[in-house]
Amino acid sequence: MTAPPSATIVAVNAAGTLPRRVPRPVMVAETWEQMRALERGWKQLSAVSQPPNPFLSWEWQRAWVETAVPRARPLIAAEAFADGSLAGLLALQRVRRRGLVQIEFLGQGSDADDLDCLLHPQAPPETAARLLRTATQRGRPDLIHLAGVRPLGAVAHAATAETCAGVHLEGGEWMPYLRLPESFDAFLGAQSANFRAEIRRRRRRLEQAAPEVVLVQATTPQAVSAGMADLFRLHNLRRAQKHSRGLFQAPELRRFHLQAAAALAARGAARLYLLRQHQHAIAALYGLEAGGRFLYFQSGFDPAWTHLSPGTVLLSWAIEDCIRRGLHEFDFLRGKETYKARWTSEGRSGQTLRAACSWRGRTFLRLRDWRQRRAARGTPAGANLQPSGAERDQP
C-alpha cells in the first residue's frame, strides 16, 4: 500500500527505539499570516504531543489571536524536521504593560491551564530550550511571565537553561482532579456516607420538584454555539449573586470562547452539559476533552433555582457521563473552591515562570520580591512604592 504524500514513515532501529531526527533551525512567526502558515504542522504536532492539551491546540490559539487580544502580538517559535513536519512549537505573545515589554503564553488570560511547549516524540531533548531562547532573543522583552506552566514540563525544564538572568519558578494555583473509576456507583461507594446521601438526595429532590427538567448534551459545533449563550448568561448571573465579575463579562472574551468552543467541537473536543426546563436553561457546565480527560472549564446556574442545587446535580451527572463514556480523569483545573474539595482531595500545583531580561525587568522583580517580603512581615508597603504596573497584567 502506498503511503499518502503527507505521511512520515519512520523505521525502528535494532534497539527497538525510534531514531533521532535532526531538526532544522528555529523559525519565528510574528504575524497572523506567518502563524497561518503553521496550521497544518501545528495540528499534526498537537495530535502526537503528550500529554494532549486542547489549550495548546491550533483551534484555541487561533481563536485567541483573532478575537480576544488585538494588543498582543504572536511570537511563535517552531522547529521542523528535514521532511517539514514540526518537531516542536512554543506559542507565545509579546505585550506591553505599563512600559514593560513582556513575553507570555499565547492565550494567557483565557483561563487556560497546564501550558507548555508542543513536542514531537522524536524531538531532541533540548528543543524546548532552543525555542524559548530564540523567542526571547527575537522578542527582546523586559520580562518573561509565563502563568499556568505545566509542572515538570518542557518549558519548566527549559527555564533552568541560560535564557535570562534571575529565573523565578514559583508555585501556582492548586489544580484538583478526580480519578474516574469503572462506574458512578463505585465512585459513590468510595465516598463518605454523608456525601453519598447528599448527592442522591439532591438529585431526587430536583427530579421530584421539577420533573420536566431534562439533561441535554451539546457536542456538535451548532449545538455548542447555541448553548454557549446560556453558559455566558448563567455564569454571569451566578457571579453577580456573589458580587463578583464573571469571566464572560467582556465582549471580546465571549467572542473568543464562542469561536474556540465551536472549532474544538468540530473535532470532538468540546462538550456542554445543560439542564433545561421547557427549552429554558437553568444550569450549564462547559468542558474540553483530550487523552481520556475531561477539563471542567466553567459553569453557572440560575440563582432562582438555588434551593434545588442545580449546579451540584449537573456536576454529578457530568461526572457520571464521563465515567460511562470511559474517561479516566475529571480535571477541575485551577482553583481551591470549597466545592471541588468535596469531590476530590487529589491535585497538582501549577507553576508561574518569571525571568528578568533587562535592567527594567530586574528592577521590577527586585521591587516585587521586596514588597512580598515586607507584606509577609505584616508591614504594608507605602503607596509611593507602587511598581510600574506590569504586576497587574491580566487582560
# chains A, B, ... in the order shown; residues from 1 in each chain; ligands from 1
>>> residues_around(residues="segment 127-139 of chain A", least_positions_apart="5", cutoff="7 Å", atoms="only C-alpha atoms", output="PDB file with C-alpha atoms, in the first residue's frame")
ATOM      1  CA  VAL A  26      14.165  27.541  14.644  1.00  0.00           C
ATOM      2  CA  LEU A  75       5.593  35.249  18.970  1.00  0.00           C
ATOM      3  CA  ALA A  77       8.871  29.670  17.793  1.00  0.00           C
ATOM      4  CA  ALA A  78       8.796  26.437  15.799  1.00  0.00           C
ATOM      5  CA  GLY A  88       8.388  21.463  18.439  1.00  0.00           C
ATOM      6  CA  LEU A  90       6.188  27.187  21.571  1.00  0.00           C
ATOM      7  CA  ARG A  94       4.570  39.808  23.144  1.00  0.00           C
ATOM      8  CA  CYS A 117       5.695  23.511  24.577  1.00  0.00           C
ATOM      9  CA  ALA A 154       9.404  21.033  28.926  1.00  0.00           C
ATOM     10  CA  VAL A 155       9.128  24.792  29.489  1.00  0.00           C
ATOM     11  CA  ALA A 158      13.993  24.847  29.776  1.00  0.00           C
ATOM     12  CA  ALA A 161      18.792  26.911  30.911  1.00  0.00           C
ATOM     13  CA  THR A 163      17.505  32.032  28.954  1.00  0.00           C
TER      14      THR A 163
END
>>> residues_around(residues="segment 318-328 of chain A", least_positions_apart="2", cutoff="6 Å", atoms="only C-alpha atoms", output="PyMOL selection string")
chain A and resi 180+184+292-293+315-316
>>> write_last_selection(atoms="N, CA and C atoms", output="PDB file, in the first residue's frame")
ATOM      1  N   LEU A 180     -11.329   8.704  37.703  1.00  0.00           N
ATOM      2  CA  LEU A 180     -12.648   8.129  37.481  1.00  0.00           C
ATOM      3  C   LEU A 180     -12.590   6.599  37.532  1.00  0.00           C
ATOM      4  N   PHE A 184     -20.213   4.971  38.319  1.00  0.00           N
ATOM      5  CA  PHE A 184     -20.545   6.035  39.252  1.00  0.00           C
ATOM      6  C   PHE A 184     -20.888   5.458  40.626  1.00  0.00           C
ATOM      7  N   GLY A 292      -8.522  11.145  27.160  1.00  0.00           N
ATOM      8  CA  GLY A 292      -9.240  10.485  28.237  1.00  0.00           C
ATOM      9  C   GLY A 292      -9.506  11.356  29.439  1.00  0.00           C
ATOM     10  N   ARG A 293      -9.289  12.663  29.333  1.00  0.00           N
ATOM     11  CA  ARG A 293      -9.529  13.610  30.423  1.00  0.00           C
ATOM     12  C   ARG A 293     -10.640  14.574  30.039  1.00  0.00           C
ATOM     13  N   LEU A 315     -23.240  18.772  37.956  1.00  0.00           N
ATOM     14  CA  LEU A 315     -21.872  18.286  38.077  1.00  0.00           C
ATOM     15  C   LEU A 315     -21.848  16.782  38.294  1.00  0.00           C
ATOM     16  N   SER A 316     -22.734  16.281  39.121  1.00  0.00           N
ATOM     17  CA  SER A 316     -22.764  14.838  39.375  1.00  0.00           C
ATOM     18  C   SER A 316     -23.127  14.071  38.118  1.00  0.00           C
TER      19      SER A 316
END
>>> closest_residue(among="A:Met228, A:Arg62, A:Arg150, A:Gln259", to="Glu33 of chain A", atoms="only C-alpha atoms")
A:Arg62
>>> select_by_dssp(residues="segment 46-175 of chain A", states="helix (DSSP H, G or I)", output="JSON, numbers by chain")
{"A": [46, 47, 48, 54, 55, 56, 58, 59, 60, 61, 62, 63, 64, 65, 66, 67, 68, 127, 128, 129, 130, 131, 132, 133, 134, 135, 136, 137, 138, 139, 154, 155, 156, 157, 158]}
>>> residues_around(residues="Leu353 of chain A", least_positions_apart="2", cutoff="9 Å", atoms="only C-alpha atoms", output="list of chain:residue names")
A:Ile144, A:His145, A:Leu146, A:Ala147, A:Gly148, A:Val149, A:Ala156, A:Ala159, A:Val167, A:His168, A:Leu169, A:Glu170, A:Gly171, A:Gln351, A:Ala355
>>> write_last_selection(atoms="C-alpha atoms", output="PDB file, in the first residue's frame")
ATOM      1  CA  ILE A 144       9.187  36.719  30.732  1.00  0.00           C
ATOM      2  CA  HIS A 145       5.956  35.985  32.596  1.00  0.00           C
ATOM      3  CA  LEU A 146       4.502  32.542  31.873  1.00  0.00           C
ATOM      4  CA  ALA A 147       1.469  31.671  34.017  1.00  0.00           C
ATOM      5  CA  GLY A 148      -0.120  28.235  34.205  1.00  0.00           C
ATOM      6  CA  VAL A 149       3.112  26.384  33.368  1.00  0.00           C
ATOM      7  CA  ALA A 156       9.741  24.460  33.227  1.00  0.00           C
ATOM      8  CA  ALA A 159      13.702  27.702  32.265  1.00  0.00           C
ATOM      9  CA  VAL A 167      14.659  32.999  36.676  1.00  0.00           C
ATOM     10  CA  HIS A 168      11.871  32.591  39.253  1.00  0.00           C
ATOM     11  CA  LEU A 169       9.833  29.370  39.045  1.00  0.00           C
ATOM     12  CA  GLU A 170       7.032  29.902  41.536  1.00  0.00           C
ATOM     13  CA  GLY A 171       4.245  27.667  42.748  1.00  0.00           C
ATOM     14  CA  GLN A 351       3.690  26.952  38.227  1.00  0.00           C
ATOM     15  CA  ALA A 355      12.550  35.940  34.341  1.00  0.00           C
TER      16      ALA A 355
END
>>> closest_residue(among="A:Ala209, A:Val48, A:Ala283, A:Val224", to="Leu264 of chain A", atoms="only C-alpha atoms")
A:Val224
>>> residues_around(residues="Val65 of chain A", least_positions_apart="5", cutoff="10 Å", atoms="only C-alpha atoms", output="list in words")
Thr31, Trp32, Met35, Trp60, Pro70, Arg71, Ala72, Arg73, Pro74, Gln93, Leu106, Gly107 and Phe256 of chain A
>>> closest_residue(among="A:Leu308, A:Leu314, A:Leu143, A:Ala250", to="Val216 of chain A", atoms="only C-alpha atoms")
A:Leu314
>>> closest_residue(among="A:Leu231, A:Ser183, A:Ala262, A:Trp305", to="Arg205 of chain A", atoms="only C-alpha atoms")
A:Trp305
>>> closest_residue(among="A:Glu212, A:Glu79, A:Asp142, A:Glu289", to="Ala123 of chain A", atoms="only C-alpha atoms")
A:Glu79
>>> decode(residues="segment 16-122 of chain A", atoms="C-alpha atoms", output="PDB file, in the first residue's frame")
ATOM      1  CA  GLY A  16      13.616  -1.169  19.226  1.00  0.00           C
ATOM      2  CA  THR A  17      13.579   2.615  19.654  1.00  0.00           C
ATOM      3  CA  LEU A  18      12.806   5.439  17.261  1.00  0.00           C
ATOM      4  CA  PRO A  19      15.875   7.010  15.654  1.00  0.00           C
ATOM      5  CA  ARG A  20      16.642  10.628  16.492  1.00  0.00           C
ATOM      6  CA  ARG A  21      15.653  13.063  13.748  1.00  0.00           C
ATOM      7  CA  VAL A  22      17.726  16.209  13.258  1.00  0.00           C
ATOM      8  CA  PRO A  23      15.608  19.395  13.141  1.00  0.00           C
ATOM      9  CA  ARG A  24      16.106  22.480  11.022  1.00  0.00           C
ATOM     10  CA  PRO A  25      16.897  25.901  12.558  1.00  0.00           C
ATOM     11  CA  VAL A  26      14.165  27.541  14.644  1.00  0.00           C
ATOM     12  CA  MET A  27      11.724  29.780  12.784  1.00  0.00           C
ATOM     13  CA  VAL A  28       9.611  32.514  14.401  1.00  0.00           C
ATOM     14  CA  ALA A  29       6.110  33.619  13.384  1.00  0.00           C
ATOM     15  CA  GLU A  30       5.166  37.155  14.465  1.00  0.00           C
ATOM     16  CA  THR A  31       2.167  37.913  12.249  1.00  0.00           C
ATOM     17  CA  TRP A  32      -1.175  36.249  11.633  1.00  0.00           C
ATOM     18  CA  GLU A  33      -0.073  35.354   8.096  1.00  0.00           C
ATOM     19  CA  GLN A  34       3.075  33.636   9.361  1.00  0.00           C
ATOM     20  CA  MET A  35       1.069  31.874  12.068  1.00  0.00           C
ATOM     21  CA  ARG A  36      -1.474  30.714   9.479  1.00  0.00           C
ATOM     22  CA  ALA A  37       1.313  29.001   7.529  1.00  0.00           C
ATOM     23  CA  LEU A  38       1.924  26.748  10.552  1.00  0.00           C
ATOM     24  CA  GLU A  39      -1.671  25.479  10.758  1.00  0.00           C
ATOM     25  CA  ARG A  40      -1.195  22.059   9.167  1.00  0.00           C
ATOM     26  CA  GLY A  41       2.005  21.259  11.058  1.00  0.00           C
ATOM     27  CA  TRP A  42       0.530  22.638  14.299  1.00  0.00           C
ATOM     28  CA  LYS A  43      -2.464  20.306  14.070  1.00  0.00           C
ATOM     29  CA  GLN A  44      -0.270  17.303  13.272  1.00  0.00           C
ATOM     30  CA  LEU A  45       2.056  18.097  16.179  1.00  0.00           C
ATOM     31  CA  SER A  46      -0.870  18.524  18.597  1.00  0.00           C
ATOM     32  CA  ALA A  47      -2.084  15.056  17.646  1.00  0.00           C
ATOM     33  CA  VAL A  48       1.161  13.360  18.753  1.00  0.00           C
ATOM     34  CA  SER A  49       2.406  15.651  21.545  1.00  0.00           C
ATOM     35  CA  GLN A  50       1.953  14.236  25.046  1.00  0.00           C
ATOM     36  CA  PRO A  51       0.020  14.834  27.164  1.00  0.00           C
ATOM     37  CA  PRO A  52      -2.671  16.185  24.818  1.00  0.00           C
ATOM     38  CA  ASN A  53      -3.967  19.604  25.795  1.00  0.00           C
ATOM     39  CA  PRO A  54      -6.745  21.473  23.911  1.00  0.00           C
ATOM     40  CA  PHE A  55      -5.462  24.764  25.345  1.00  0.00           C
ATOM     41  CA  LEU A  56      -2.367  24.327  23.159  1.00  0.00           C
ATOM     42  CA  SER A  57      -4.367  23.419  20.053  1.00  0.00           C
ATOM     43  CA  TRP A  58      -4.492  25.388  16.831  1.00  0.00           C
ATOM     44  CA  GLU A  59      -8.226  25.955  17.343  1.00  0.00           C
ATOM     45  CA  TRP A  60      -7.845  27.555  20.794  1.00  0.00           C
ATOM     46  CA  GLN A  61      -4.850  29.702  19.847  1.00  0.00           C
ATOM     47  CA  ARG A  62      -6.291  30.846  16.518  1.00  0.00           C
ATOM     48  CA  ALA A  63      -9.486  31.983  18.225  1.00  0.00           C
ATOM     49  CA  TRP A  64      -7.428  33.927  20.774  1.00  0.00           C
ATOM     50  CA  VAL A  65      -5.418  35.784  18.130  1.00  0.00           C
ATOM     51  CA  GLU A  66      -8.473  36.564  16.004  1.00  0.00           C
ATOM     52  CA  THR A  67     -10.846  37.725  18.728  1.00  0.00           C
ATOM     53  CA  ALA A  68      -9.510  38.426  22.177  1.00  0.00           C
ATOM     54  CA  VAL A  69      -6.360  40.474  22.482  1.00  0.00           C
ATOM     55  CA  PRO A  70      -5.590  42.716  19.495  1.00  0.00           C
ATOM     56  CA  ARG A  71      -2.840  44.407  21.529  1.00  0.00           C
ATOM     57  CA  ALA A  72      -0.884  41.132  21.859  1.00  0.00           C
ATOM     58  CA  ARG A  73       1.495  40.196  19.046  1.00  0.00           C
ATOM     59  CA  PRO A  74       2.069  36.488  18.348  1.00  0.00           C
ATOM     60  CA  LEU A  75       5.593  35.249  18.970  1.00  0.00           C
ATOM     61  CA  ILE A  76       5.616  31.598  17.938  1.00  0.00           C
ATOM     62  CA  ALA A  77       8.871  29.670  17.793  1.00  0.00           C
ATOM     63  CA  ALA A  78       8.796  26.437  15.799  1.00  0.00           C
ATOM     64  CA  GLU A  79      11.351  23.872  14.729  1.00  0.00           C
ATOM     65  CA  ALA A  80      10.846  21.435  11.855  1.00  0.00           C
ATOM     66  CA  PHE A  81      12.417  18.136  10.880  1.00  0.00           C
ATOM     67  CA  ALA A  82      14.058  17.758   7.489  1.00  0.00           C
ATOM     68  CA  ASP A  83      10.802  16.457   5.998  1.00  0.00           C
ATOM     69  CA  GLY A  84       8.973  19.636   7.015  1.00  0.00           C
ATOM     70  CA  SER A  85       6.933  18.170   9.878  1.00  0.00           C
ATOM     71  CA  LEU A  86       7.205  20.061  13.155  1.00  0.00           C
ATOM     72  CA  ALA A  87       9.489  18.832  15.921  1.00  0.00           C
ATOM     73  CA  GLY A  88       8.388  21.463  18.439  1.00  0.00           C
ATOM     74  CA  LEU A  89       6.315  24.618  18.788  1.00  0.00           C
ATOM     75  CA  LEU A  90       6.188  27.187  21.571  1.00  0.00           C
ATOM     76  CA  ALA A  91       3.272  29.619  21.242  1.00  0.00           C
ATOM     77  CA  LEU A  92       3.957  32.917  22.998  1.00  0.00           C
ATOM     78  CA  GLN A  93       2.753  36.504  22.747  1.00  0.00           C
ATOM     79  CA  ARG A  94       4.570  39.808  23.144  1.00  0.00           C
ATOM     80  CA  VAL A  95       2.704  42.514  25.054  1.00  0.00           C
ATOM     81  CA  ARG A  96       3.493  45.887  26.568  1.00  0.00           C
ATOM     82  CA  ARG A  97       2.090  46.565  30.015  1.00  0.00           C
ATOM     83  CA  ARG A  98       2.750  49.906  31.715  1.00  0.00           C
ATOM     84  CA  GLY A  99       6.022  50.448  29.927  1.00  0.00           C
ATOM     85  CA  LEU A 100       7.409  46.895  30.293  1.00  0.00           C
ATOM     86  CA  VAL A 101       7.635  44.538  27.327  1.00  0.00           C
ATOM     87  CA  GLN A 102       6.585  41.059  28.441  1.00  0.00           C
ATOM     88  CA  ILE A 103       6.551  37.625  26.844  1.00  0.00           C
ATOM     89  CA  GLU A 104       3.639  35.403  27.877  1.00  0.00           C
ATOM     90  CA  PHE A 105       1.999  32.222  26.700  1.00  0.00           C
ATOM     91  CA  LEU A 106      -0.224  32.853  23.708  1.00  0.00           C
ATOM     92  CA  GLY A 107      -3.718  32.789  25.184  1.00  0.00           C
ATOM     93  CA  GLN A 108      -2.567  33.752  28.668  1.00  0.00           C
ATOM     94  CA  GLY A 109      -5.617  35.409  30.151  1.00  0.00           C
ATOM     95  CA  SER A 110      -8.088  32.923  28.652  1.00  0.00           C
ATOM     96  CA  ASP A 111      -8.030  30.831  31.873  1.00  0.00           C
ATOM     97  CA  ALA A 112      -6.070  28.098  30.083  1.00  0.00           C
ATOM     98  CA  ASP A 113      -4.073  25.729  32.299  1.00  0.00           C
ATOM     99  CA  ASP A 114      -1.203  23.248  32.152  1.00  0.00           C
ATOM    100  CA  LEU A 115       0.558  25.186  29.375  1.00  0.00           C
ATOM    101  CA  ASP A 116       3.779  24.020  27.794  1.00  0.00           C
ATOM    102  CA  CYS A 117       5.695  23.511  24.577  1.00  0.00           C
ATOM    103  CA  LEU A 118       4.297  21.107  21.953  1.00  0.00           C
ATOM    104  CA  LEU A 119       6.928  18.455  21.255  1.00  0.00           C
ATOM    105  CA  HIS A 120       7.103  15.553  18.813  1.00  0.00           C
ATOM    106  CA  PRO A 121       8.082  12.241  20.489  1.00  0.00           C
ATOM    107  CA  GLN A 122      11.270  12.230  18.397  1.00  0.00           C
TER     108      GLN A 122
END
